[in-house]
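K.L.:
I have a structure here, written as structure tokens, and I will follow up with some questions on it.
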Amino acid sequence: MSNVSTGNKTLGEKQIIKKLVKVVTVGVLSLGLAAGIGGTKSEASASTKPAGSNFLRSDSIDDNYRMVQDSKGKTIRAKTTAKVSLKKYNNTFSYSNVSFVDYDKVKKVTYKTSTSTQAYTRASTKYKLTARNYKGKLVNVKVPAKNAMTKHNTSWYKDSFSYTTYVKTKGKWVKKTKTATVYIPAKYVKKYTSNVWTKYTKKAKGYFYTPQPITITLKEYNKVAIGMTYKQVVAITGEKMTLSSDYSWNETVYDDDFEEVDEITHTYRSYEWEYENDVTYDYRFVDFYFEDNKLTNKSQSGLK
């Protein structure tokens, strides 16, 4: 689109177009909406959380921590089992895939002796397990009541069992502990069913409250003056902000005789920066408007 000027004076058409550009580029025809322009001093560097850290179920404090059960069934906050690297989710939260320990109630069946019972070295009553007492007398070995057993077949249960015997050494009976696989008839074993808190390692996406630093201050904003370039603004604020609008147009320049002497390309760009903390409901933003890389207008809300 061409505009006509006489010397340094621009005709009304150019003024109308400029006004139209300011309105339209902020709205529907914005060509560079939300285009990132690089890192900022407020960008979080790669951060981590150590093993044993609590974490949230979502990006909201209201959603509360992920809760689990401990080995006794008590409800507690889940903790990470290993160090994790965090990724930025928004200005308030970061996240990572985490591992954590949880105990679930699992039905467990056990078999125990119902009474003190003779032990056998094989699944047959012909093979009693015997030992010697402190006088060297041969005695039968019995498995005490409530001793856990494993099913061998429909008639017998077995267990690795430690028992005491005496061995004659240098003319004296010396106490020794031996271990043997012993068998018990099924009629002396009782089935017990119980609920046991069983340990599991689980995985989930965990969220962490990691608010980003607030970097553009009201003092910095006030130092930014009309006429500055984008680089000068960045030097003051420390922020490479987000390009929200980008528009250009050509101006044809004529001399006093209305002869075309030049064509100039003009640019209009606006940049924005915002900070939002969902937990404290703190919201701050800044807008800067540039024409031909010169600041023409600025606005802010919430800066301190």
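All residue names refer to the structure tokens as shown: chains lettered A, B, ... in order, residues numbered from 1 in each chain, ligands numbered from 1 in order.
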Could I get the residues of segment 106-153 of chain A with an atom no further than 8 Å from an atom of segment 169-178 of chain A, each paired with its nearest atom pair and that distance in Å to one decimal, using only C-alpha atoms, sorted by chain and residue number, as JSON lines?
P.N.:
{"residue": "A:Tyr134", "atom": "CA", "partner": "A:Trp173", "partner_atom": "CA", "distance": 5.9}
{"residue": "A:Lys135", "atom": "CA", "partner": "A:Trp173", "partner_atom": "CA", "distance": 6.8}
{"residue": "A:Gly136", "atom": "CA", "partner": "A:Trp173", "partner_atom": "CA", "distance": 6.5}
K.L.:
Write out as a tab-separated table the residues of segment 242-285 of chain A that have any atom within 12 Å of an atom of segment 62-75 of chain A, one row each with the nearest atom pair and its distance in Å to one decimal, counting only C-alpha atoms, sorted by chain and then rising number.
P.N.:
residue	atom	partner	partner_atom	distance
A:Asp278	CA	A:Asp62	CA	10.4
A:Val279	CA	A:Asp62	CA	8.7
A:Thr280	CA	A:Asp62	CA	11.9
K.L.:
Could you tell me how far atom CA of Thr165 of chain A lies from atom CA of Tyr127 of chain A, in Å and to one decimal?
P.N.:
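Spanning atom CA of Thr165 of chain A to atom CA of Tyr127 of chain A is a straight-line distance of 17.2 Å.
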K.L.:
Apply DSSP to the structure's backbone, then extract all residues of segment 136-197 of chain A labelled strand (DSSP E or B) and return them as a PyMOL selection string.
P.N.:
chain A and resi 138-140+142-143+148-151+156-169+172-185+189-197
K.L.:
So that I can see what lies close to Thr154 of chain A, please list as a ChimeraX atom specification the residues with an atom at most 12 Å from it, counting only C-alpha atoms and leaving out residues fewer than 3 positions away in the same chain.
P.N.:
/A:123,150-151,157-158,184-187,189
K.L.:
Using DSSP on the backbone, list every residue of segment 73-284 of chain A that comes out as helix (DSSP H, G or I), and give them as a VMD selection string.
P.N.:
chain A and resid 186 to 188 218 to 223 230 to 237
K.L.:
Okay, now the selection with all heavy atoms, as a CSV table (one decimal), in the first residue's frame?
P.N.:
chain,number,residue,atom,x,y,z
A,186,ALA,N,-0.9,-83.0,57.0
A,186,ALA,CA,-1.8,-81.9,56.7
A,186,ALA,C,-2.8,-81.7,57.8
A,186,ALA,O,-3.3,-80.6,58.0
A,186,ALA,CB,-2.5,-82.2,55.4
A,187,LYS,N,-3.2,-82.8,58.6
A,187,LYS,CA,-4.2,-82.6,59.6
A,187,LYS,C,-3.8,-81.7,60.8
A,187,LYS,O,-4.6,-81.3,61.5
A,187,LYS,CB,-4.6,-84.0,60.1
A,187,LYS,CG,-3.6,-84.7,60.8
A,187,LYS,CD,-4.1,-86.1,61.2
A,187,LYS,CE,-3.0,-86.9,62.0
A,187,LYS,NZ,-3.5,-88.3,62.4
A,188,TYR,N,-2.5,-81.4,60.9
A,188,TYR,CA,-2.0,-80.6,61.9
A,188,TYR,C,-1.7,-79.2,61.5
A,188,TYR,O,-1.1,-78.4,62.2
A,188,TYR,CB,-0.7,-81.2,62.5
A,188,TYR,CG,-0.9,-82.5,63.2
A,188,TYR,CD1,-0.3,-83.7,62.6
A,188,TYR,CD2,-1.7,-82.7,64.3
A,188,TYR,CE1,-0.4,-84.9,63.2
A,188,TYR,CE2,-1.9,-83.9,64.8
A,188,TYR,CZ,-1.3,-85.0,64.3
A,188,TYR,OH,-1.5,-86.3,64.9
A,218,LEU,N,8.5,-2.4,38.5
A,218,LEU,CA,7.9,-1.0,38.2
A,218,LEU,C,9.1,0.0,38.0
A,218,LEU,O,9.0,0.8,37.1
A,218,LEU,CB,7.0,-0.6,39.3
A,218,LEU,CG,6.3,0.8,39.0
A,218,LEU,CD1,5.4,0.7,37.8
A,218,LEU,CD2,5.4,1.1,40.2
A,219,LYS,N,10.1,-0.2,38.7
A,219,LYS,CA,11.3,0.7,38.6
A,219,LYS,C,11.9,0.5,37.2
A,219,LYS,O,12.3,1.5,36.6
A,219,LYS,CB,12.3,0.4,39.7
A,219,LYS,CG,13.5,1.3,39.7
A,219,LYS,CD,14.4,0.9,40.8
A,219,LYS,CE,15.6,1.9,40.9
A,219,LYS,NZ,16.6,1.5,42.0
A,220,GLU,N,12.1,-0.7,36.7
A,220,GLU,CA,12.6,-0.9,35.4
A,220,GLU,C,11.7,-0.4,34.3
A,220,GLU,O,12.1,0.3,33.4
A,220,GLU,CB,12.9,-2.4,35.2
A,220,GLU,CG,14.0,-3.0,36.0
A,220,GLU,CD,14.1,-4.5,35.9
A,220,GLU,OE1,13.0,-5.1,35.6
A,220,GLU,OE2,15.2,-5.0,36.2
A,221,TYR,N,10.4,-0.6,34.5
A,221,TYR,CA,9.4,-0.1,33.5
A,221,TYR,C,9.5,1.4,33.4
A,221,TYR,O,9.4,1.9,32.3
A,221,TYR,CB,8.0,-0.6,34.0
A,221,TYR,CG,6.9,0.0,33.1
A,221,TYR,CD1,6.5,-0.7,31.9
A,221,TYR,CD2,6.2,1.1,33.5
A,221,TYR,CE1,5.5,-0.2,31.2
A,221,TYR,CE2,5.1,1.6,32.8
A,221,TYR,CZ,4.8,1.0,31.6
A,221,TYR,OH,3.8,1.5,30.8
A,222,ASN,N,9.6,2.1,34.5
A,222,ASN,CA,9.7,3.5,34.5
A,222,ASN,C,10.9,4.1,33.8
A,222,ASN,O,10.9,5.2,33.4
A,222,ASN,CB,9.5,4.1,35.9
A,222,ASN,CG,8.1,3.9,36.5
A,222,ASN,OD1,7.2,3.8,35.7
A,222,ASN,ND2,8.0,3.8,37.8
A,223,LYS,N,12.0,3.3,33.8
A,223,LYS,CA,13.2,3.7,33.1
A,223,LYS,C,13.1,3.6,31.6
A,223,LYS,O,13.9,4.3,30.9
A,223,LYS,CB,14.4,2.8,33.6
A,223,LYS,CG,14.9,3.1,35.0
A,223,LYS,CD,16.1,2.2,35.3
A,223,LYS,CE,16.6,2.5,36.7
A,223,LYS,NZ,17.7,1.6,37.1
A,230,TYR,N,14.2,-1.6,20.6
A,230,TYR,CA,13.9,-2.9,21.4
A,230,TYR,C,15.1,-3.3,22.2
A,230,TYR,O,14.9,-3.8,23.3
A,230,TYR,CB,13.5,-3.9,20.3
A,230,TYR,CG,13.3,-5.3,20.9
A,230,TYR,CD1,12.2,-5.5,21.7
A,230,TYR,CD2,14.2,-6.3,20.7
A,230,TYR,CE1,11.9,-6.8,22.3
A,230,TYR,CE2,14.0,-7.6,21.3
A,230,TYR,CZ,12.9,-7.8,22.1
A,230,TYR,OH,12.7,-9.0,22.6
A,231,LYS,N,16.3,-3.3,21.6
A,231,LYS,CA,17.5,-3.7,22.4
A,231,LYS,C,17.7,-2.9,23.6
A,231,LYS,O,18.1,-3.4,24.7
A,231,LYS,CB,18.7,-3.7,21.5
A,231,LYS,CG,18.7,-4.7,20.4
A,231,LYS,CD,20.0,-4.7,19.6
A,231,LYS,CE,20.1,-5.8,18.6
A,231,LYS,NZ,21.4,-5.8,17.8
A,232,GLN,N,17.4,-1.6,23.5
A,232,GLN,CA,17.6,-0.7,24.7
A,232,GLN,C,16.6,-1.1,25.8
A,232,GLN,O,16.9,-1.1,27.0
A,232,GLN,CB,17.4,0.7,24.3
A,232,GLN,CG,18.6,1.3,23.5
A,232,GLN,CD,18.4,2.7,23.0
A,232,GLN,OE1,17.2,3.0,22.6
A,232,GLN,NE2,19.4,3.5,23.0
A,233,VAL,N,15.4,-1.4,25.4
A,233,VAL,CA,14.4,-1.9,26.4
A,233,VAL,C,14.8,-3.2,27.0
A,233,VAL,O,14.7,-3.3,28.3
A,233,VAL,CB,13.0,-2.0,25.7
A,233,VAL,CG1,12.0,-2.6,26.6
A,233,VAL,CG2,12.5,-0.6,25.1
A,234,VAL,N,15.3,-4.1,26.2
A,234,VAL,CA,15.7,-5.4,26.8
A,234,VAL,C,16.8,-5.2,27.7
A,234,VAL,O,16.9,-5.9,28.8
A,234,VAL,CB,16.1,-6.4,25.6
A,234,VAL,CG1,16.8,-7.6,26.2
A,234,VAL,CG2,14.8,-6.7,24.8
A,235,ALA,N,17.8,-4.3,27.4
A,235,ALA,CA,18.9,-4.0,28.3
A,235,ALA,C,18.5,-3.5,29.7
A,235,ALA,O,19.1,-3.8,30.7
A,235,ALA,CB,19.8,-3.0,27.7
A,236,ILE,N,17.3,-2.8,29.7
A,236,ILE,CA,16.8,-2.3,31.0
A,236,ILE,C,16.1,-3.4,31.8
A,236,ILE,O,16.3,-3.6,33.0
A,236,ILE,CB,16.0,-1.1,30.8
A,236,ILE,CG1,16.8,0.1,30.3
A,236,ILE,CG2,15.2,-0.7,32.1
A,236,ILE,CD1,16.0,1.3,29.9
A,237,THR,N,15.2,-4.1,31.1
A,237,THR,CA,14.3,-5.0,31.7
A,237,THR,C,14.9,-6.4,31.9
A,237,THR,O,14.5,-7.2,32.8
A,237,THR,CB,13.0,-5.2,30.9
A,237,THR,OG1,13.3,-5.8,29.6
A,237,THR,CG2,12.3,-3.9,30.7
K.L.:
Quick one: of A:Asp104, A:Glu291, A:Asp159, A:Glu274, who's nearest to Ser248 of chain A, counting only C-alpha atoms?
P.N.:
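Between A:Asp104, A:Glu291, A:Asp159, A:Glu274, the residue approaching Ser248 of chain A most closely is A:Glu291.
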K.L.:
Would you mind listing what lies within 8 Å of Phe208 of chain A as a PDB file with C-alpha atoms, in the first residue's frame, with only C-alpha atoms counted and same-chain residues fewer than 2 positions away left out?
P.N.:
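And here's part.pdb as it stands now:
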ATOM      1  CA  PHE A  55       4.660 -33.847  44.821  1.00  0.00           C
ATOM      2  CA  LEU A  56       1.208 -32.779  43.655  1.00  0.00           C
ATOM      3  CA  ASP A  59      -0.896 -28.023  38.626  1.00  0.00           C
ATOM      4  CA  PHE A  93       4.516 -25.225  38.475  1.00  0.00           C
ATOM      5  CA  SER A  94       7.038 -27.698  37.068  1.00  0.00           C
ATOM      6  CA  TYR A  95       6.561 -31.406  36.461  1.00  0.00           C
ATOM      7  CA  GLY A 206       4.239 -35.343  39.545  1.00  0.00           C
ATOM      8  CA  THR A 210       8.135 -23.816  41.591  1.00  0.00           C
TER       9      THR A 210
END
K.L.:
Could you tell me how far atom CA of Gln300 of chain A lies from atom CA of Tyr209 of chain A, in Å and to one decimal?
P.N.:
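The value is 26.2 Å.
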